[in-house]
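model-v3.tsv (TSV, C-alpha atoms and all ligand atoms)
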```
chain	number	residue	atom	x	y	z
V	1	MET	CA	-34.83	-4.53	6.20
V	2	THR	CA	-31.20	-3.95	7.14
V	3	GLY	CA	-28.59	-6.62	6.89
V	4	LEU	CA	-27.97	-9.60	4.72
V	5	VAL	CA	-30.96	-11.90	5.04
V	6	ALA	CA	-31.37	-15.29	3.39
V	7	ARG	CA	-34.51	-17.39	3.54
V	8	GLY	CA	-35.25	-20.89	2.37
V	9	LEU	CA	-32.00	-21.43	0.47
V	10	THR	CA	-32.11	-24.78	-1.24
V	11	LEU	CA	-29.57	-26.07	-3.72
V	12	SER	CA	-28.80	-29.38	-5.42
V	13	LEU	CA	-25.45	-30.04	-7.05
V	14	ASP	CA	-24.85	-33.08	-9.19
V	15	GLY	CA	-28.14	-34.61	-8.05
V	16	ARG	CA	-27.40	-34.11	-4.31
V	17	THR	CA	-29.20	-31.59	-2.15
V	18	VAL	CA	-26.41	-29.64	-0.47
V	19	LEU	CA	-28.51	-26.84	1.04
V	20	HIS	CA	-31.95	-27.50	2.56
V	21	GLU	CA	-34.06	-24.44	3.26
V	22	ALA	CA	-31.27	-22.58	5.00
V	23	CYS	CA	-32.23	-19.31	6.70
V	24	VAL	CA	-29.52	-16.98	8.03
V	25	ALA	CA	-29.05	-13.29	8.65
V	26	VAL	CA	-26.03	-11.08	9.17
V	27	ALA	CA	-26.72	-7.67	10.69
V	28	PRO	CA	-24.42	-4.67	10.47
V	29	GLY	CA	-22.18	-4.69	13.52
V	30	GLU	CA	-22.05	-8.42	14.12
V	31	VAL	CA	-19.65	-11.27	13.47
V	32	VAL	CA	-21.59	-14.43	12.62
V	33	GLY	CA	-19.59	-17.66	12.77
V	34	VAL	CA	-20.65	-20.50	10.47
V	35	ILE	CA	-19.58	-23.82	11.94
V	36	GLY	CA	-20.22	-27.48	11.26
V	37	PRO	CA	-18.41	-30.62	10.10
V	38	ASN	CA	-16.67	-31.11	6.76
V	39	GLY	CA	-19.22	-31.26	3.98
V	40	ALA	CA	-21.96	-29.60	6.07
V	41	GLY	CA	-22.57	-26.94	3.42
V	42	LYS	CA	-20.78	-23.93	4.96
V	43	SER	CA	-18.84	-22.95	1.82
V	44	THR	CA	-21.90	-23.54	-0.32
V	45	LEU	CA	-23.94	-21.29	1.95
V	46	LEU	CA	-21.34	-18.52	1.68
V	47	ARG	CA	-21.15	-18.86	-2.09
V	48	VAL	CA	-24.93	-18.51	-2.33
V	49	LEU	CA	-24.93	-15.56	0.11
V	50	SER	CA	-22.27	-13.89	-2.04
V	51	GLY	CA	-24.34	-14.25	-5.19
V	52	ILE	CA	-21.66	-16.33	-6.95
V	53	GLN	CA	-23.76	-19.48	-6.75
V	54	PRO	CA	-27.47	-19.09	-7.48
V	55	ALA	CA	-29.80	-21.18	-5.32
V	56	ASP	CA	-32.53	-23.38	-6.76
V	57	ALA	CA	-35.00	-21.86	-4.30
V	58	GLY	CA	-35.05	-19.18	-1.65
V	59	GLU	CA	-33.87	-15.59	-1.67
V	60	VAL	CA	-30.99	-13.45	-0.48
V	61	MET	CA	-31.84	-9.86	0.39
V	62	LEU	CA	-29.17	-7.25	1.00
V	63	GLU	CA	-30.51	-4.23	2.85
V	64	GLY	CA	-33.95	-4.81	1.46
V	65	ARG	CA	-32.88	-5.45	-2.16
V	66	ALA	CA	-32.77	-8.83	-3.85
V	67	LEU	CA	-29.14	-9.78	-4.39
V	68	ALA	CA	-30.11	-11.54	-7.62
V	69	GLY	CA	-31.32	-8.22	-9.07
V	70	MET	CA	-28.07	-6.34	-8.45
V	71	THR	CA	-25.35	-5.83	-11.04
V	72	PRO	CA	-22.10	-7.70	-10.29
V	73	GLY	CA	-20.38	-4.34	-9.63
V	74	ASP	CA	-23.05	-3.20	-7.22
V	75	ARG	CA	-22.84	-6.52	-5.41
V	76	ALA	CA	-19.04	-6.43	-5.27
V	77	ARG	CA	-19.04	-2.98	-3.65
V	78	ARG	CA	-21.49	-4.10	-0.96
V	79	LEU	CA	-20.38	-7.65	-0.29
V	80	SER	CA	-16.79	-8.83	-0.21
V	81	PHE	CA	-16.36	-12.59	-0.54
V	82	LEU	CA	-13.23	-14.45	0.46
V	83	PRO	CA	-13.44	-18.01	-0.91
V	84	GLN	CA	-11.87	-20.94	0.89
V	85	GLU	CA	-9.28	-21.54	-1.80
V	86	GLY	CA	-7.65	-19.25	-4.29
V	87	GLU	CA	-5.40	-19.63	-7.28
V	88	PRO	CA	-1.67	-19.43	-6.52
V	89	PRO	CA	-0.86	-15.72	-6.68
V	90	PRO	CA	1.01	-14.28	-9.70
V	91	PRO	CA	4.53	-12.85	-9.21
V	92	MET	CA	3.15	-9.36	-8.55
V	93	ARG	CA	3.99	-7.12	-5.60
V	94	ILE	CA	1.77	-7.86	-2.63
V	95	GLU	CA	0.64	-4.26	-2.39
V	96	ASP	CA	-0.40	-4.23	-6.06
V	97	LEU	CA	-2.42	-7.41	-5.61
V	98	VAL	CA	-4.18	-6.00	-2.55
V	99	ALA	CA	-4.96	-2.87	-4.59
V	100	LEU	CA	-6.96	-5.08	-6.99
V	101	GLY	CA	-9.52	-5.21	-4.19
V	102	ARG	CA	-10.35	-1.62	-5.18
V	103	LEU	CA	-11.48	-2.66	-8.69
V	104	PRO	CA	-15.21	-2.57	-7.84
V	105	HIS	CA	-14.76	1.16	-7.13
V	106	ARG	CA	-12.94	2.01	-10.34
V	107	ALA	CA	-15.82	4.06	-11.78
V	108	ALA	CA	-15.57	6.47	-8.83
V	109	ARG	CA	-11.81	6.48	-8.66
V	110	ASP	CA	-10.41	8.23	-5.59
V	111	GLY	CA	-6.64	7.73	-5.33
V	112	ALA	CA	-6.33	8.87	-1.72
V	113	ARG	CA	-9.19	6.64	-0.56
V	114	ASP	CA	-7.82	3.69	-2.56
V	115	ARG	CA	-4.37	4.12	-1.00
V	116	ALA	CA	-5.85	4.43	2.50
V	117	ALA	CA	-7.95	1.28	2.00
V	118	VAL	CA	-4.93	-0.71	0.81
V	119	GLU	CA	-2.79	0.60	3.68
V	120	CYS	CA	-5.47	-0.35	6.18
V	121	ALA	CA	-5.92	-3.83	4.68
V	122	LEU	CA	-2.15	-4.45	4.76
V	123	ALA	CA	-2.04	-3.34	8.40
V	124	GLU	CA	-5.04	-5.45	9.46
V	125	THR	CA	-3.42	-8.57	8.01
V	126	GLY	CA	0.13	-7.89	9.21
V	127	LEU	CA	1.48	-7.51	5.66
V	128	LEU	CA	2.96	-4.01	5.84
V	129	ASP	CA	6.52	-5.34	6.04
V	130	LEU	CA	5.94	-7.70	3.11
V	131	ARG	CA	4.26	-5.21	0.78
V	132	ASP	CA	7.10	-5.11	-1.78
V	133	ARG	CA	7.66	-8.87	-1.95
V	134	PRO	CA	6.43	-10.83	-4.98
V	135	ALA	CA	3.31	-12.67	-3.90
V	136	SER	CA	4.50	-15.86	-5.57
V	137	GLN	CA	7.20	-16.17	-2.86
V	138	LEU	CA	4.78	-16.20	0.06
V	139	SER	CA	4.20	-19.06	2.48
V	140	GLY	CA	0.75	-20.66	2.75
V	141	GLY	CA	-0.30	-18.56	5.74
V	142	GLU	CA	1.06	-15.38	4.18
V	143	ARG	CA	-0.94	-16.12	1.03
V	144	ALA	CA	-4.08	-16.57	3.10
V	145	ARG	CA	-3.45	-13.17	4.70
V	146	LEU	CA	-2.88	-11.63	1.26
V	147	ARG	CA	-6.22	-12.97	0.02
V	148	LEU	CA	-7.93	-11.60	3.12
V	149	ALA	CA	-6.19	-8.23	2.66
V	150	ARG	CA	-7.54	-8.00	-0.88
V	151	ALA	CA	-11.04	-8.78	0.37
V	152	LEU	CA	-10.73	-6.16	3.13
V	153	ALA	CA	-9.44	-3.53	0.69
V	154	VAL	CA	-12.87	-3.53	-0.95
V	155	GLU	CA	-14.21	-1.83	2.20
V	156	ALA	CA	-17.61	-3.38	1.54
V	157	PRO	CA	-20.13	-3.13	4.36
V	158	TYR	CA	-20.39	-6.95	4.45
V	159	LEU	CA	-17.61	-9.51	4.44
V	160	LEU	CA	-18.12	-13.23	3.83
V	161	ALA	CA	-14.93	-15.06	4.73
V	162	ASP	CA	-14.58	-18.81	4.23
V	163	GLU	CA	-12.03	-20.28	6.66
V	164	PRO	CA	-9.79	-17.20	6.67
V	165	VAL	CA	-7.73	-18.40	9.64
V	166	ALA	CA	-7.38	-22.10	8.78
V	167	ALA	CA	-3.75	-21.68	7.63
V	168	LEU	CA	-2.72	-19.04	10.17
V	169	ASP	CA	-0.49	-19.38	13.23
V	170	PRO	CA	-2.16	-18.60	16.58
V	171	ALA	CA	-1.00	-14.98	16.70
V	172	HIS	CA	-2.21	-14.16	13.21
V	173	ALA	CA	-5.46	-16.07	13.73
V	174	LEU	CA	-6.16	-14.04	16.88
V	175	ALA	CA	-5.21	-10.82	15.07
V	176	VAL	CA	-7.56	-11.56	12.17
V	177	MET	CA	-10.46	-12.42	14.48
V	178	ALA	CA	-9.80	-9.27	16.51
V	179	SER	CA	-9.85	-7.32	13.22
V	180	PHE	CA	-13.26	-8.77	12.40
V	181	ALA	CA	-14.54	-7.77	15.83
V	182	ARG	CA	-13.14	-4.26	15.35
V	183	LEU	CA	-14.64	-3.95	11.86
V	184	ALA	CA	-17.99	-5.10	13.23
V	185	ARG	CA	-17.81	-2.43	15.94
V	186	ALA	CA	-17.35	0.06	13.10
V	187	GLY	CA	-20.58	-1.23	11.51
V	188	MET	CA	-19.50	-4.04	9.18
V	189	GLY	CA	-21.45	-7.29	9.01
V	190	VAL	CA	-19.13	-10.31	8.95
V	191	ALA	CA	-19.93	-13.96	8.28
V	192	VAL	CA	-16.96	-16.23	8.84
V	193	VAL	CA	-16.62	-19.99	8.40
V	194	LEU	CA	-14.53	-21.46	11.19
V	195	HIS	CA	-13.43	-24.86	12.41
V	196	ASP	CA	-11.79	-23.45	15.52
V	197	LEU	CA	-14.49	-23.58	18.19
V	198	THR	CA	-12.41	-21.57	20.63
V	199	LEU	CA	-12.13	-18.64	18.21
V	200	ALA	CA	-15.80	-19.06	17.26
V	201	GLY	CA	-16.85	-18.88	20.90
V	202	ARG	CA	-14.62	-15.97	21.72
V	203	PHE	CA	-15.03	-13.61	18.76
V	204	CYS	CA	-18.45	-14.30	17.20
V	205	HIS	CA	-21.61	-12.59	18.36
V	206	ARG	CA	-23.72	-15.42	16.97
V	207	LEU	CA	-23.07	-18.87	15.56
V	208	VAL	CA	-24.85	-20.74	12.78
V	209	LEU	CA	-24.40	-24.49	13.19
V	210	MET	CA	-24.77	-26.58	10.03
V	211	ARG	CA	-25.01	-30.28	9.32
V	212	ASP	CA	-25.95	-32.09	6.10
V	213	GLY	CA	-26.86	-28.86	4.32
V	214	ARG	CA	-29.19	-27.69	7.07
V	215	VAL	CA	-28.90	-24.94	9.63
V	216	VAL	CA	-29.54	-27.02	12.74
V	217	ALA	CA	-29.13	-24.25	15.31
V	218	GLN	CA	-28.23	-20.61	15.57
V	219	GLY	CA	-27.75	-18.34	18.55
V	220	ARG	CA	-25.20	-16.94	20.94
V	221	PRO	CA	-22.02	-19.02	21.26
V	222	ALA	CA	-22.93	-20.17	24.78
V	223	GLU	CA	-26.22	-21.54	23.44
V	224	ILE	CA	-24.62	-23.35	20.51
V	225	LEU	CA	-21.29	-24.66	21.80
V	226	THR	CA	-22.88	-27.06	24.26
V	227	ASP	CA	-21.53	-30.52	24.90
V	228	GLY	CA	-24.80	-32.03	23.62
V	229	ALA	CA	-24.78	-30.12	20.32
V	230	MET	CA	-21.08	-30.77	19.71
V	231	ARG	CA	-21.58	-34.50	20.38
V	232	ALA	CA	-24.56	-34.63	18.06
V	233	VAL	CA	-23.07	-32.62	15.20
V	234	TYR	CA	-19.33	-33.30	15.34
V	235	GLY	CA	-19.18	-36.48	17.40
V	236	VAL	CA	-16.84	-34.83	19.90
V	237	THR	CA	-17.01	-34.03	23.57
V	238	VAL	CA	-15.92	-30.55	24.62
V	239	ARG	CA	-14.31	-29.15	27.73
V	240	ARG	CA	-14.50	-25.61	28.99
V	241	VAL	CA	-11.20	-23.97	29.83
V	242	GLY	CA	-12.06	-20.58	31.28
V	243	ASP	CA	-14.42	-19.12	28.68
V	244	ALA	CA	-13.03	-21.26	25.88
V	245	VAL	CA	-14.66	-24.37	24.44
V	246	VAL	CA	-12.09	-26.99	23.48
V	247	PRO	CA	-12.89	-30.16	21.50
V	248	TRP	CA	-11.61	-32.94	23.73
V	249	SER	CA	-12.28	-36.45	22.54
V	250	LEU	CA	-14.25	-38.37	19.99
V	251	THR	CA	-17.49	-39.67	21.41
V	252	ASP	CA	-16.44	-43.15	20.33
V	253	GLY	CA	-13.24	-42.82	22.41
V	254	ARG	CA	-10.79	-43.13	19.50
V	255	ALA	CA	-9.00	-39.90	20.43
V	256	ASP	CA	-8.32	-40.70	24.08
V	257	ASP	CA	-4.91	-39.45	25.04
V	258	GLU	CA	-2.61	-42.40	24.42
V	259	ARG	CA	0.07	-40.96	26.74
V	260	THR	CA	-2.19	-40.89	29.78
V	261	GLY	CA	-5.05	-43.16	28.76
V	262	SER	CA	-7.55	-40.38	29.50
T	1	LIG	N1	-19.89	-28.98	-7.42
T	1	LIG	C1	-20.34	-29.90	-6.58
T	1	LIG	N2	-20.99	-31.00	-7.04
T	1	LIG	C2	-21.48	-31.92	-6.18
T	1	LIG	N3	-21.39	-31.83	-4.83
T	1	LIG	C3	-20.76	-30.76	-4.34
T	1	LIG	C4	-20.21	-29.74	-5.17
T	1	LIG	N4	-19.65	-28.80	-4.38
T	1	LIG	C5	-19.84	-29.22	-3.10
T	1	LIG	N5	-20.50	-30.40	-3.09
T	1	LIG	C6	-20.90	-31.16	-1.91
T	1	LIG	O1	-21.70	-30.32	-1.11
T	1	LIG	C7	-21.50	-30.62	0.25
T	1	LIG	C8	-21.17	-29.33	0.98
T	1	LIG	O2	-19.90	-28.87	0.55
T	1	LIG	P1	-19.26	-27.57	1.18
T	1	LIG	O3	-17.99	-27.31	0.47
T	1	LIG	O4	-20.27	-26.50	1.21
T	1	LIG	O5	-18.99	-28.08	2.67
T	1	LIG	P2	-18.24	-27.35	3.89
T	1	LIG	O6	-19.18	-27.38	5.04
T	1	LIG	O7	-17.74	-26.03	3.47
T	1	LIG	O8	-17.06	-28.37	4.16
T	1	LIG	P3	-15.52	-28.18	4.65
T	1	LIG	O9	-15.56	-27.93	6.12
T	1	LIG	O10	-14.93	-29.51	4.33
T	1	LIG	O11	-14.90	-27.06	3.86
T	1	LIG	C9	-20.38	-31.65	0.33
T	1	LIG	O12	-20.93	-32.92	0.55
T	1	LIG	C10	-19.74	-31.57	-1.04
T	1	LIG	O13	-19.21	-32.83	-1.42
```
Hey, can you dump this file as structure tokens for me?
Amino acid sequence: MTGLVARGLTLSLDGRTVLHEACVAVAPGEVVGVIGPNGAGKSTLLRVLSGIQPADAGEVMLEGRALAGMTPGDRARRLSFLPQEGEPPPPMRIEDLVALGRLPHRAARDGARDRAAVECALAETGLLDLRDRPASQLSGGERARLRLARALAVEAPYLLADEPVAALDPAHALAVMASFARLARAGMGVAVVLHDLTLAGRFCHRLVLMRDGRVVAQGRPAEILTDGAMRAVYGVTVRRVGDAVVPWSLTDGRADDERTGS
């Protein structure tokens, strides 16, 4: 079977069940958005899909092979994982840090391909002009783009990105989401955790909606980003502005606009 396919993922941490029989799939050529409230289990799901965190039950298959049976190197070449948080970067040049994304390919070293992959990753994340700067001097959003660039430099056929745009300004957030859409058109499978429902609705082919460790719905954005589902899962009402879905107020009224009373 093609794609990244997970069935029945269940995991307890510290005596609490944080994933309950989660089933998800990411096909080549699609961007799958993983959404849901804080603590819903999105990061945990991505960690299990990446193979970093073993599940207590269930399986993850990558193009028909059990992820658990792959060597770490094999996995790293096929699946690039961008965790939600990273260590503060060392005082190395940005370009050199991005080049570390090529480490999984070191056995089949190809200097030209490595340089092209790094160049492409720097371009996709808007870091070309900053390539010679020490990474330790970067702002929060620039660091987030650096971490994404390193994940993209792997050129794995699947990318799992946990909140890659949370720290980005609107222009860079749009650029990163457009990159994901472009990479998917070129055949990559992308799973991306997002809190921005507008970006999720606009750039994802499918959405996986989580709550309390469960996948409560999955489907096309128009099927998932409904007022009823957003009320039930997030406790917010939404408004549609053109094609965009915008969280508007808390269902209990606490976020009514104090300037206008609406
Ligand atoms: N090591 C751990 N031990 C115990 N509980 C944990 C551990 N790691 C995560 N959890 C719990 O698992 C649940 C899911 O956490 P997770 O980080 O996957 O949520 P999330 O949906 O990514 O949230 P957020 O949107 O806040 O990033 C949370 O209730 C969290 O407190």
Which residue out of V:Ala161, V:Leu79, V:Val31, V:Ala175 has the minimum interatomic distance to ligand LIG 1 (chain T) when all atoms listed in the file are used?
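Checking each of V:Ala161, V:Leu79, V:Val31, V:Ala175 against ligand LIG 1 (chain T), counting all atoms listed in the file, the winner is V:Ala161.
Here CA of Val233 in chain V and CA of Gly41 in chain V stand 13.1 Å from one another.
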Residues of chain V at most 8 Å from ligand LIG 1 (chain T): nearest atom pair and distance in Å, all atoms listed in the file, as a tab-separated table:
```
residue	atom	partner	partner_atom	distance
V:Ser12	CA	T:LIG1	C2	7.8
V:Leu13	CA	T:LIG1	C2	4.5
V:Asp14	CA	T:LIG1	C2	4.7
V:Gly15	CA	T:LIG1	C2	7.4
V:Arg16	CA	T:LIG1	N3	6.4
V:Thr17	CA	T:LIG1	O1	7.7
V:Val18	CA	T:LIG1	O1	4.8
V:Leu19	CA	T:LIG1	C8	7.8
V:Ile35	CA	T:LIG1	O6	7.8
V:Gly36	CA	T:LIG1	O6	6.3
V:Pro37	CA	T:LIG1	O9	5.6
V:Asn38	CA	T:LIG1	O10	3.4
V:Gly39	CA	T:LIG1	O5	3.4
V:Ala40	CA	T:LIG1	O6	3.7
V:Gly41	CA	T:LIG1	O4	3.2
V:Lys42	CA	T:LIG1	O6	3.8
V:Ser43	CA	T:LIG1	O7	3.7
V:Thr44	CA	T:LIG1	O4	3.7
V:Leu45	CA	T:LIG1	O4	6.4
V:Gln84	CA	T:LIG1	O11	7.4
V:Asp162	CA	T:LIG1	O7	7.9
V:Glu163	CA	T:LIG1	O11	7.9
V:Val193	CA	T:LIG1	O7	7.9
V:His195	CA	T:LIG1	O9	7.3
V:Met210	CA	T:LIG1	O6	7.5
V:Arg211	CA	T:LIG1	O6	7.8
V:Asp212	CA	T:LIG1	C7	7.5
V:Gly213	CA	T:LIG1	C8	6.6
```
Pick out the closest residue to Cys204 in chain V from this set: V:Pro247, V:Pro221, V:Pro90, V:Gly189. Count only C-alpha atoms.
V:Pro221
Within 12 Å of Val241 in chain V, counting all atoms listed in the file, which residues qualify if same-chain residues fewer than 5 places away don't, as JSON, numbers by chain?
{"V": [198, 201, 202, 246, 247, 248]}
Range 229-248 of chain V, all listed atoms, 6 Å padding on each side: what axis-aligned box centre and edge lengths in Å to one decimal come out, as AutoDock Vina command-line options?
```
--center_x -18.0 --center_y -27.8 --center_z 23.2 --size_x 25.6 --size_y 29.4 --size_z 28.1
```
Residues within 10 Å of Ala229 in chain V, only C-alpha atoms, excluding chain neighbours under 4 positions, as a list in words
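Listing them by chain and then by number gives Leu209, Val216, Ala217, Glu223, Ile224, Leu225, Val233, Tyr234, Gly235, Val236, Thr237 and Val238 of chain V.
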Just to be explicit: take each residue in the selection above, keep C-alpha atoms, and write the result as an mmCIF file, keeping the file's coordinate frame.
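Output saved as out.cif:
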```
data_model
loop_
_atom_site.group_PDB
_atom_site.id
_atom_site.type_symbol
_atom_site.label_atom_id
_atom_site.label_comp_id
_atom_site.auth_asym_id
_atom_site.auth_seq_id
_atom_site.Cartn_x
_atom_site.Cartn_y
_atom_site.Cartn_z
ATOM 1 C CA LEU V 209 -24.400 -24.490 13.190
ATOM 2 C CA VAL V 216 -29.540 -27.020 12.740
ATOM 3 C CA ALA V 217 -29.130 -24.250 15.310
ATOM 4 C CA GLU V 223 -26.220 -21.540 23.440
ATOM 5 C CA ILE V 224 -24.620 -23.350 20.510
ATOM 6 C CA LEU V 225 -21.290 -24.660 21.800
ATOM 7 C CA VAL V 233 -23.070 -32.620 15.200
ATOM 8 C CA TYR V 234 -19.330 -33.300 15.340
ATOM 9 C CA GLY V 235 -19.180 -36.480 17.400
ATOM 10 C CA VAL V 236 -16.840 -34.830 19.900
ATOM 11 C CA THR V 237 -17.010 -34.030 23.570
ATOM 12 C CA VAL V 238 -15.920 -30.550 24.620
#
```
Between CA of Gly126 in chain V and CA of Gly86 in chain V, measure the distance and give it in Å to one decimal.
19.3 Å
Closest of V:Asp227, V:Asp169, V:Asp243, V:Asp74 to Pro104 in chain V - atom-to-atom distances counting all atoms listed in the file:
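With all atoms listed in the file as the atom set, the closest residue is V:Asp74.
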V:Met70, V:Ala22, V:Ala166, V:Leu207 ranked by distance to Asp56 in chain V, top pick (using only C-alpha atoms):
V:Ala22
Could you work out how far CA of Val165 in chain V lies from CA of Arg102 in chain V, giving the answer in Å with one decimal?
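One can read the CA of Arg102 in chain V to CA of Val165 in chain V distance as 22.5 Å.
At a cut-off of 8 Å from (-25.5, -15.4, 6.1), the residue set is Leu4, Val5, Ala6, Cys23, Val24, Ala25, Val26, Val32, Leu45, Leu46, Leu49 and Ala191 of chain V (counting all atoms listed in the file).
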Could you give me, as number ranges by chain, the residues within 12 Å of Ala156 in chain V, counting all atoms listed in the file and dropping anything in the same chain fewer than 6 positions from it?
V: 28, 73-82, 101-105, 117, 150, 183-184, 187-190
Nearest residue to Asp114 in chain V from the set V:Glu59, V:Glu142, V:Glu155, V:Glu87 (distances using all atoms listed in the file)
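Among the listed residues, V:Glu155 lies closest to Asp114 in chain V.
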Top pick for closest residue to Met61 in chain V, considering V:Gly3, V:Leu9, V:Ala178, V:Glu95 and counting only C-alpha atoms
V:Gly3
